[in-house]
file data-v4.txt (compact mmCIF, C-alpha atoms)
# COMPACT_ATOMS: atom_id res chain seq x y z
CA GLN A 1461 4.22 27.12 -41.98
CA LEU A 1462 4.23 24.14 -44.30
CA MET A 1463 6.93 21.54 -44.03
CA LYS A 1464 9.17 21.39 -47.06
CA HIS A 1465 10.00 17.70 -46.74
CA SER A 1466 8.87 15.62 -49.62
CA ASP A 1467 7.60 12.09 -49.66
CA VAL A 1468 7.12 10.03 -52.77
CA ILE A 1469 3.35 9.73 -52.90
CA SER A 1470 1.30 7.27 -54.92
CA ALA A 1471 -1.80 9.18 -56.02
CA SER A 1472 -4.03 6.09 -55.99
CA ASP A 1473 -2.81 5.02 -52.52
CA LEU A 1474 -3.46 8.55 -51.26
CA VAL A 1475 -7.05 8.85 -52.49
CA THR A 1476 -7.90 5.22 -51.63
CA GLU A 1477 -6.69 5.77 -48.07
CA VAL A 1478 -8.62 9.02 -47.61
CA VAL A 1479 -11.83 7.62 -49.10
CA ALA A 1480 -11.59 4.55 -46.84
CA ALA A 1481 -10.80 6.52 -43.65
CA PHE A 1482 -13.18 9.45 -44.16
CA PRO A 1483 -15.69 9.89 -41.28
CA TYR A 1484 -18.86 9.62 -43.36
CA ARG A 1485 -22.07 10.44 -41.50
CA THR A 1486 -24.36 8.08 -43.39
CA LYS A 1487 -24.29 4.99 -45.57
CA ARG A 1488 -25.63 7.16 -48.40
CA GLU A 1489 -22.52 9.36 -48.16
CA VAL A 1490 -20.31 6.29 -48.40
CA ASP A 1491 -22.25 4.99 -51.39
CA CYS A 1492 -22.21 8.27 -53.34
CA VAL A 1493 -18.40 8.23 -53.64
CA GLU A 1494 -17.02 6.85 -56.88
CA LEU A 1495 -13.29 6.33 -57.22
CA LEU A 1496 -11.82 6.11 -60.73
CA ILE A 1497 -8.14 5.26 -61.05
CA HIS A 1498 -7.34 5.73 -64.74
CA ASN A 1499 -3.65 5.27 -64.04
CA ASP A 1500 -1.62 5.74 -60.90
CA PHE A 1501 1.32 8.12 -60.70
CA GLN A 1502 3.90 9.12 -58.14
CA PHE A 1503 4.61 12.67 -57.10
CA ARG A 1504 6.58 14.43 -54.38
CA GLY A 1505 4.94 16.32 -51.55
CA ALA A 1506 4.16 16.23 -47.86
CA ARG A 1507 2.02 13.08 -47.62
CA ALA A 1508 0.31 13.99 -44.33
CA GLN A 1509 -0.66 17.36 -45.75
CA PHE A 1510 -1.97 15.87 -49.01
CA LEU A 1511 -4.15 13.56 -46.91
CA GLY A 1512 -5.52 16.76 -45.37
CA VAL A 1513 -6.10 18.29 -48.81
CA MET A 1514 -8.11 15.29 -50.00
CA ASP A 1515 -10.02 15.14 -46.72
CA ASN A 1516 -10.93 18.80 -47.09
CA LEU A 1517 -12.10 18.44 -50.70
CA ILE A 1518 -14.28 15.43 -49.82
CA GLN A 1519 -15.75 17.27 -46.83
CA ASN A 1520 -16.57 20.32 -48.98
CA ALA A 1521 -18.11 18.15 -51.69
CA LEU A 1522 -20.31 16.27 -49.22
CA ARG A 1523 -21.38 19.59 -47.65
CA SER A 1524 -22.28 20.92 -51.09
CA LEU A 1525 -24.25 17.76 -51.88
CA GLN A 1526 -26.07 18.00 -48.56
CA ALA A 1527 -26.95 21.64 -49.27
CA SER A 1528 -28.42 20.66 -52.64
CA SER A 1529 -30.91 18.58 -50.62
CA SER A 1530 -31.35 16.01 -53.33
CA VAL A 1531 -31.01 12.32 -52.55
CA LEU A 1532 -27.39 11.15 -52.78
CA ASN A 1533 -26.70 8.80 -55.67
CA PRO A 1534 -23.59 6.80 -56.59
CA GLY A 1535 -21.22 9.05 -58.53
CA ASP A 1536 -22.48 12.30 -56.96
CA LEU A 1537 -18.97 12.61 -55.56
CA ARG A 1538 -16.34 11.40 -57.97
CA ILE A 1539 -12.59 11.24 -57.43
CA GLU A 1540 -10.38 10.52 -60.43
CA VAL A 1541 -6.68 9.82 -60.62
CA GLY A 1542 -4.75 9.89 -63.86
CA SER A 1543 -1.72 11.25 -65.62
CA ARG A 1544 -0.67 12.34 -69.03
CA GLY A 1545 3.03 12.66 -69.73
CA ARG A 1546 4.68 14.52 -66.89
CA GLU A 1547 1.44 15.79 -65.42
CA GLY A 1548 -0.50 13.96 -62.73
CA ARG A 1549 -4.08 14.86 -61.92
CA ILE A 1550 -6.42 14.27 -59.03
CA ILE A 1551 -9.92 15.48 -59.80
CA VAL A 1552 -12.66 15.79 -57.19
CA SER A 1553 -16.09 16.54 -58.64
CA ASP A 1554 -19.51 16.74 -57.07
CA ARG A 1555 -23.08 17.31 -58.22
CA GLY A 1556 -23.81 19.70 -55.36
CA ILE A 1557 -24.96 23.30 -55.21
CA GLY A 1558 -21.97 24.66 -57.09
CA ILE A 1559 -20.07 27.86 -56.45
CA GLU A 1560 -21.13 31.34 -57.57
CA PRO A 1561 -18.80 32.79 -60.24
CA ALA A 1562 -17.87 35.73 -57.99
CA SER A 1563 -16.83 33.35 -55.22
CA GLN A 1564 -14.76 31.12 -57.51
CA GLN A 1565 -12.14 33.87 -57.82
CA ARG A 1566 -11.79 34.01 -54.04
CA ILE A 1567 -12.31 30.54 -52.57
CA PHE A 1568 -8.57 29.88 -52.25
CA GLU A 1569 -8.04 33.09 -50.22
CA PRO A 1570 -7.55 32.64 -46.48
CA PHE A 1571 -10.70 33.35 -44.42
CA PHE A 1572 -12.99 33.50 -47.46
CA SER A 1573 -15.88 31.09 -47.04
CA SER A 1574 -18.72 30.53 -49.47
CA ASP A 1575 -20.74 28.31 -47.17
CA HIS A 1576 -22.33 31.01 -45.03
CA GLY A 1577 -20.84 30.58 -41.63
CA THR A 1578 -20.22 26.84 -41.46
CA GLY A 1579 -16.61 27.07 -42.60
CA HIS A 1580 -13.62 29.07 -41.41
CA GLY A 1581 -12.39 29.82 -44.90
CA LEU A 1582 -9.05 28.14 -44.28
CA GLY A 1583 -9.55 24.74 -45.88
CA LEU A 1584 -9.04 25.67 -49.52
CA ALA A 1585 -6.30 28.18 -48.67
CA PHE A 1586 -4.49 25.30 -46.94
CA CYS A 1587 -5.12 23.05 -49.96
CA LYS A 1588 -3.64 25.64 -52.30
CA GLN A 1589 -0.50 26.06 -50.15
CA VAL A 1590 0.09 22.30 -49.96
CA VAL A 1591 -0.37 21.85 -53.72
CA LEU A 1592 1.87 24.85 -54.51
CA SER A 1593 4.56 23.46 -52.19
CA ALA A 1594 4.56 20.34 -54.41
CA HIS A 1595 5.01 22.57 -57.50
CA GLY A 1596 1.42 21.90 -58.52
CA SER A 1597 -1.75 23.87 -59.08
CA ILE A 1598 -5.36 23.61 -57.99
CA ARG A 1599 -8.26 24.96 -60.03
CA VAL A 1600 -12.02 25.00 -59.73
CA LYS A 1601 -14.70 24.89 -62.40
CA SER A 1602 -18.26 25.28 -61.25
CA GLU A 1603 -21.73 26.29 -62.32
CA PRO A 1604 -24.30 27.15 -59.68
CA ALA A 1605 -26.73 24.26 -59.13
CA THR A 1606 -24.65 21.78 -61.14
CA GLY A 1607 -21.73 21.12 -58.80
CA ALA A 1608 -18.02 21.81 -58.75
CA VAL A 1609 -14.87 20.23 -60.15
CA PHE A 1610 -11.57 20.70 -58.33
CA THR A 1611 -8.49 19.72 -60.32
CA ILE A 1612 -5.13 19.24 -58.64
CA THR A 1613 -2.25 19.03 -61.09
CA VAL A 1614 1.23 18.00 -59.92
CA PRO A 1615 4.42 17.07 -61.74
CA VAL A 1616 4.89 13.32 -62.02
CA ASP A 1617 8.09 12.16 -60.35
CA ASN A 1618 9.61 9.98 -63.06
CA ASN A 1619 12.50 9.05 -60.77
CA ALA A 1620 9.99 7.36 -58.50
CA VAL A 1621 8.68 5.04 -61.21
CA GLY A 1622 8.97 1.48 -59.99
CA GLN A 1623 9.26 2.51 -56.37
CA THR A 1624 6.29 2.02 -54.14
CA SER A 1625 5.39 3.88 -50.98
CA GLY A 1626 3.62 1.17 -49.03
CA GLY A 1627 1.34 0.35 -51.94
CA LYS A 1628 0.25 -3.03 -53.17
call {"tool": "encode", "arguments": {"input": "data-v4.txt", "output": "structure tokens"}}
result
Amino acid sequence: QLMKHSDVISASDLVTEVVAAFPYRTKREVDCVELLIHNDFQFRGARAQFLGVMDNLIQNALRSLQASSSVLNPGDLRIEVGSRGREGRIIVSDRGIGIEPASQQRIFEPFFSSDHGTGHGLGLAFCKQVVLSAHGSIRVKSEPATGAVFTITVPVDNNAVGQTSGGK
């Protein structure tokens, strides 16, 4: 059961924290991550759970990149933060193996896993629940062999403008 409490979350603080704290296995993994903050925004949600969402998306992207067996290059995993009007977006894209079209319909279902036994199929279902609880949406666009793009869209909390949640 997801907690319904809501924190005011700075999108850039959130992704910066997760990228910095992620347990990368190699220096190449660290170096392949590119963070683009177009503009920060605040939104309401369960901060601890959104940290888990970002962690999960990074883990999946790195796994996909590893499965593509090509050498990791800077930008192979890109995380973007931006907003337009009342809509905030966090986009996680990778240049990994991609997701088969048939699987794309199902990857947010509990216990569905597209990575052949290495996952439990709960990560993206959890992600979807957390994002929905913040009145947002999560979508995937992918082509096999070219990677995947996960887009989280959440309503910007205009009341939080000017407030900071432990940011700089």
call {"tool": "residues_around", "arguments": {"input": "data-v4.txt", "residues": "Leu1511 (chain A)", "least_positions_apart": "5", "cutoff": "9 Å", "atoms": "only C-alpha atoms", "output": "list in words"}}
result
Leu1474, Val1475, Glu1477, Val1478, Ala1506 and Asn1516 of chain A
call {"tool": "atom_distance", "arguments": {"input": "data-v4.txt", "atom1": "CA of Ala1481 (chain A)", "atom2": "CA of Val1493 (chain A)"}}
result
12.7 Å
call {"tool": "residues_near_point", "arguments": {"input": "data-v4.txt", "point": "(-21.4, 18.1, -51.8)", "cutoff": "12 Å", "atoms": "all atoms listed in the file", "output": "ChimeraX atom specification"}}
result
/A:1489,1492-1493,1516-1533,1535-1538,1552-1559,1575,1605-1609
call {"tool": "atom_distance", "arguments": {"input": "data-v4.txt", "atom1": "CA of Asn1499 (chain A)", "atom2": "CA of His1595 (chain A)"}}
result
20.4 Å
call {"tool": "atom_distance", "arguments": {"input": "data-v4.txt", "atom1": "CA of Ala1471 (chain A)", "atom2": "CA of Lys1601 (chain A)"}}
result
21.3 Å
call {"tool": "build_atoms", "arguments": {"input": "data-v4.txt", "residues": "region 1497-1508 of chain A", "atoms": "all heavy atoms", "output": "PDB file, in the coordinates of the input"}}
result
ATOM      1  N   ILE A1497      -9.598   5.193 -60.873  1.00  0.00           N
ATOM      2  CA  ILE A1497      -8.140   5.260 -61.050  1.00  0.00           C
ATOM      3  C   ILE A1497      -7.872   4.936 -62.521  1.00  0.00           C
ATOM      4  O   ILE A1497      -7.917   3.780 -62.918  1.00  0.00           O
ATOM      5  CB  ILE A1497      -7.396   4.257 -60.145  1.00  0.00           C
ATOM      6  CG1 ILE A1497      -7.881   4.354 -58.691  1.00  0.00           C
ATOM      7  CG2 ILE A1497      -5.890   4.465 -60.269  1.00  0.00           C
ATOM      8  CD1 ILE A1497      -7.496   5.595 -57.940  1.00  0.00           C
ATOM      9  N   HIS A1498      -7.655   5.955 -63.320  1.00  0.00           N
ATOM     10  CA  HIS A1498      -7.340   5.730 -64.740  1.00  0.00           C
ATOM     11  C   HIS A1498      -5.932   5.155 -64.846  1.00  0.00           C
ATOM     12  O   HIS A1498      -5.709   4.158 -65.505  1.00  0.00           O
ATOM     13  CB  HIS A1498      -7.450   7.036 -65.531  1.00  0.00           C
ATOM     14  CG  HIS A1498      -8.831   7.635 -65.468  1.00  0.00           C
ATOM     15  ND1 HIS A1498      -9.936   7.025 -66.034  1.00  0.00           N
ATOM     16  CD2 HIS A1498      -9.279   8.765 -64.892  1.00  0.00           C
ATOM     17  CE1 HIS A1498     -10.998   7.776 -65.814  1.00  0.00           C
ATOM     18  NE2 HIS A1498     -10.637   8.829 -65.124  1.00  0.00           N
ATOM     19  N   ASN A1499      -4.993   5.828 -64.209  1.00  0.00           N
ATOM     20  CA  ASN A1499      -3.650   5.270 -64.040  1.00  0.00           C
ATOM     21  C   ASN A1499      -2.993   5.960 -62.859  1.00  0.00           C
ATOM     22  O   ASN A1499      -3.186   7.149 -62.646  1.00  0.00           O
ATOM     23  CB  ASN A1499      -2.801   5.376 -65.317  1.00  0.00           C
ATOM     24  CG  ASN A1499      -2.719   6.788 -65.837  1.00  0.00           C
ATOM     25  OD1 ASN A1499      -3.658   7.562 -65.720  1.00  0.00           O
ATOM     26  ND2 ASN A1499      -1.598   7.157 -66.415  1.00  0.00           N
ATOM     27  N   ASP A1500      -2.267   5.184 -62.086  1.00  0.00           N
ATOM     28  CA  ASP A1500      -1.620   5.740 -60.900  1.00  0.00           C
ATOM     29  C   ASP A1500      -0.379   6.520 -61.338  1.00  0.00           C
ATOM     30  O   ASP A1500       0.159   6.309 -62.429  1.00  0.00           O
ATOM     31  CB  ASP A1500      -1.213   4.605 -59.954  1.00  0.00           C
ATOM     32  CG  ASP A1500      -0.754   5.123 -58.591  1.00  0.00           C
ATOM     33  OD1 ASP A1500      -1.087   6.263 -58.223  1.00  0.00           O
ATOM     34  OD2 ASP A1500      -0.055   4.371 -57.894  1.00  0.00           O
ATOM     35  N   PHE A1501       0.050   7.423 -60.476  1.00  0.00           N
ATOM     36  CA  PHE A1501       1.320   8.120 -60.700  1.00  0.00           C
ATOM     37  C   PHE A1501       1.910   8.462 -59.350  1.00  0.00           C
ATOM     38  O   PHE A1501       1.218   8.449 -58.343  1.00  0.00           O
ATOM     39  CB  PHE A1501       1.121   9.379 -61.567  1.00  0.00           C
ATOM     40  CG  PHE A1501       0.251  10.429 -60.921  1.00  0.00           C
ATOM     41  CD1 PHE A1501       0.792  11.423 -60.117  1.00  0.00           C
ATOM     42  CD2 PHE A1501      -1.120  10.414 -61.128  1.00  0.00           C
ATOM     43  CE1 PHE A1501      -0.014  12.379 -59.518  1.00  0.00           C
ATOM     44  CE2 PHE A1501      -1.938  11.371 -60.538  1.00  0.00           C
ATOM     45  CZ  PHE A1501      -1.375  12.354 -59.732  1.00  0.00           C
ATOM     46  N   GLN A1502       3.201   8.725 -59.356  1.00  0.00           N
ATOM     47  CA  GLN A1502       3.900   9.120 -58.140  1.00  0.00           C
ATOM     48  C   GLN A1502       4.250  10.595 -58.250  1.00  0.00           C
ATOM     49  O   GLN A1502       4.590  11.064 -59.331  1.00  0.00           O
ATOM     50  CB  GLN A1502       5.206   8.337 -57.995  1.00  0.00           C
ATOM     51  CG  GLN A1502       5.113   6.889 -58.355  1.00  0.00           C
ATOM     52  CD  GLN A1502       4.999   5.996 -57.140  1.00  0.00           C
ATOM     53  OE1 GLN A1502       5.411   6.349 -56.046  1.00  0.00           O
ATOM     54  NE2 GLN A1502       4.420   4.838 -57.329  1.00  0.00           N
ATOM     55  N   PHE A1503       4.175  11.273 -57.120  1.00  0.00           N
ATOM     56  CA  PHE A1503       4.610  12.670 -57.100  1.00  0.00           C
ATOM     57  C   PHE A1503       5.239  12.945 -55.740  1.00  0.00           C
ATOM     58  O   PHE A1503       5.133  12.137 -54.820  1.00  0.00           O
ATOM     59  CB  PHE A1503       3.451  13.625 -57.394  1.00  0.00           C
ATOM     60  CG  PHE A1503       2.365  13.642 -56.353  1.00  0.00           C
ATOM     61  CD1 PHE A1503       2.297  14.659 -55.406  1.00  0.00           C
ATOM     62  CD2 PHE A1503       1.392  12.649 -56.322  1.00  0.00           C
ATOM     63  CE1 PHE A1503       1.292  14.692 -54.453  1.00  0.00           C
ATOM     64  CE2 PHE A1503       0.379  12.671 -55.363  1.00  0.00           C
ATOM     65  CZ  PHE A1503       0.331  13.690 -54.430  1.00  0.00           C
ATOM     66  N   ARG A1504       5.927  14.079 -55.639  1.00  0.00           N
ATOM     67  CA  ARG A1504       6.580  14.430 -54.380  1.00  0.00           C
ATOM     68  C   ARG A1504       5.809  15.524 -53.670  1.00  0.00           C
ATOM     69  O   ARG A1504       5.385  16.495 -54.277  1.00  0.00           O
ATOM     70  CB  ARG A1504       8.010  14.917 -54.638  1.00  0.00           C
ATOM     71  CG  ARG A1504       8.927  13.784 -55.004  1.00  0.00           C
ATOM     72  CD  ARG A1504      10.393  14.192 -54.977  1.00  0.00           C
ATOM     73  NE  ARG A1504      11.205  13.055 -55.370  1.00  0.00           N
ATOM     74  CZ  ARG A1504      11.630  12.128 -54.519  1.00  0.00           C
ATOM     75  NH1 ARG A1504      11.345  12.213 -53.247  1.00  0.00           N
ATOM     76  NH2 ARG A1504      12.349  11.117 -54.954  1.00  0.00           N
ATOM     77  N   GLY A1505       5.632  15.320 -52.363  1.00  0.00           N
ATOM     78  CA  GLY A1505       4.940  16.320 -51.550  1.00  0.00           C
ATOM     79  C   GLY A1505       4.911  15.838 -50.122  1.00  0.00           C
ATOM     80  O   GLY A1505       5.431  14.766 -49.809  1.00  0.00           O
ATOM     81  N   ALA A1506       4.300  16.620 -49.258  1.00  0.00           N
ATOM     82  CA  ALA A1506       4.160  16.230 -47.860  1.00  0.00           C
ATOM     83  C   ALA A1506       2.914  15.352 -47.749  1.00  0.00           C
ATOM     84  O   ALA A1506       1.796  15.846 -47.859  1.00  0.00           O
ATOM     85  CB  ALA A1506       4.051  17.462 -46.975  1.00  0.00           C
ATOM     86  N   ARG A1507       3.124  14.042 -47.567  1.00  0.00           N
ATOM     87  CA  ARG A1507       2.020  13.080 -47.620  1.00  0.00           C
ATOM     88  C   ARG A1507       0.913  13.405 -46.608  1.00  0.00           C
ATOM     89  O   ARG A1507      -0.267  13.397 -46.933  1.00  0.00           O
ATOM     90  CB  ARG A1507       2.552  11.674 -47.391  1.00  0.00           C
ATOM     91  CG  ARG A1507       1.514  10.609 -47.676  1.00  0.00           C
ATOM     92  CD  ARG A1507       2.110   9.203 -47.682  1.00  0.00           C
ATOM     93  NE  ARG A1507       1.205   8.291 -48.364  1.00  0.00           N
ATOM     94  CZ  ARG A1507       0.098   7.811 -47.811  1.00  0.00           C
ATOM     95  NH1 ARG A1507      -0.229   8.160 -46.590  1.00  0.00           N
ATOM     96  NH2 ARG A1507      -0.689   6.997 -48.498  1.00  0.00           N
ATOM     97  N   ALA A1508       1.315  13.705 -45.369  1.00  0.00           N
ATOM     98  CA  ALA A1508       0.310  13.990 -44.330  1.00  0.00           C
ATOM     99  C   ALA A1508      -0.542  15.191 -44.725  1.00  0.00           C
ATOM    100  O   ALA A1508      -1.750  15.215 -44.483  1.00  0.00           O
ATOM    101  CB  ALA A1508       1.000  14.247 -42.990  1.00  0.00           C
TER     102      ALA A1508
END
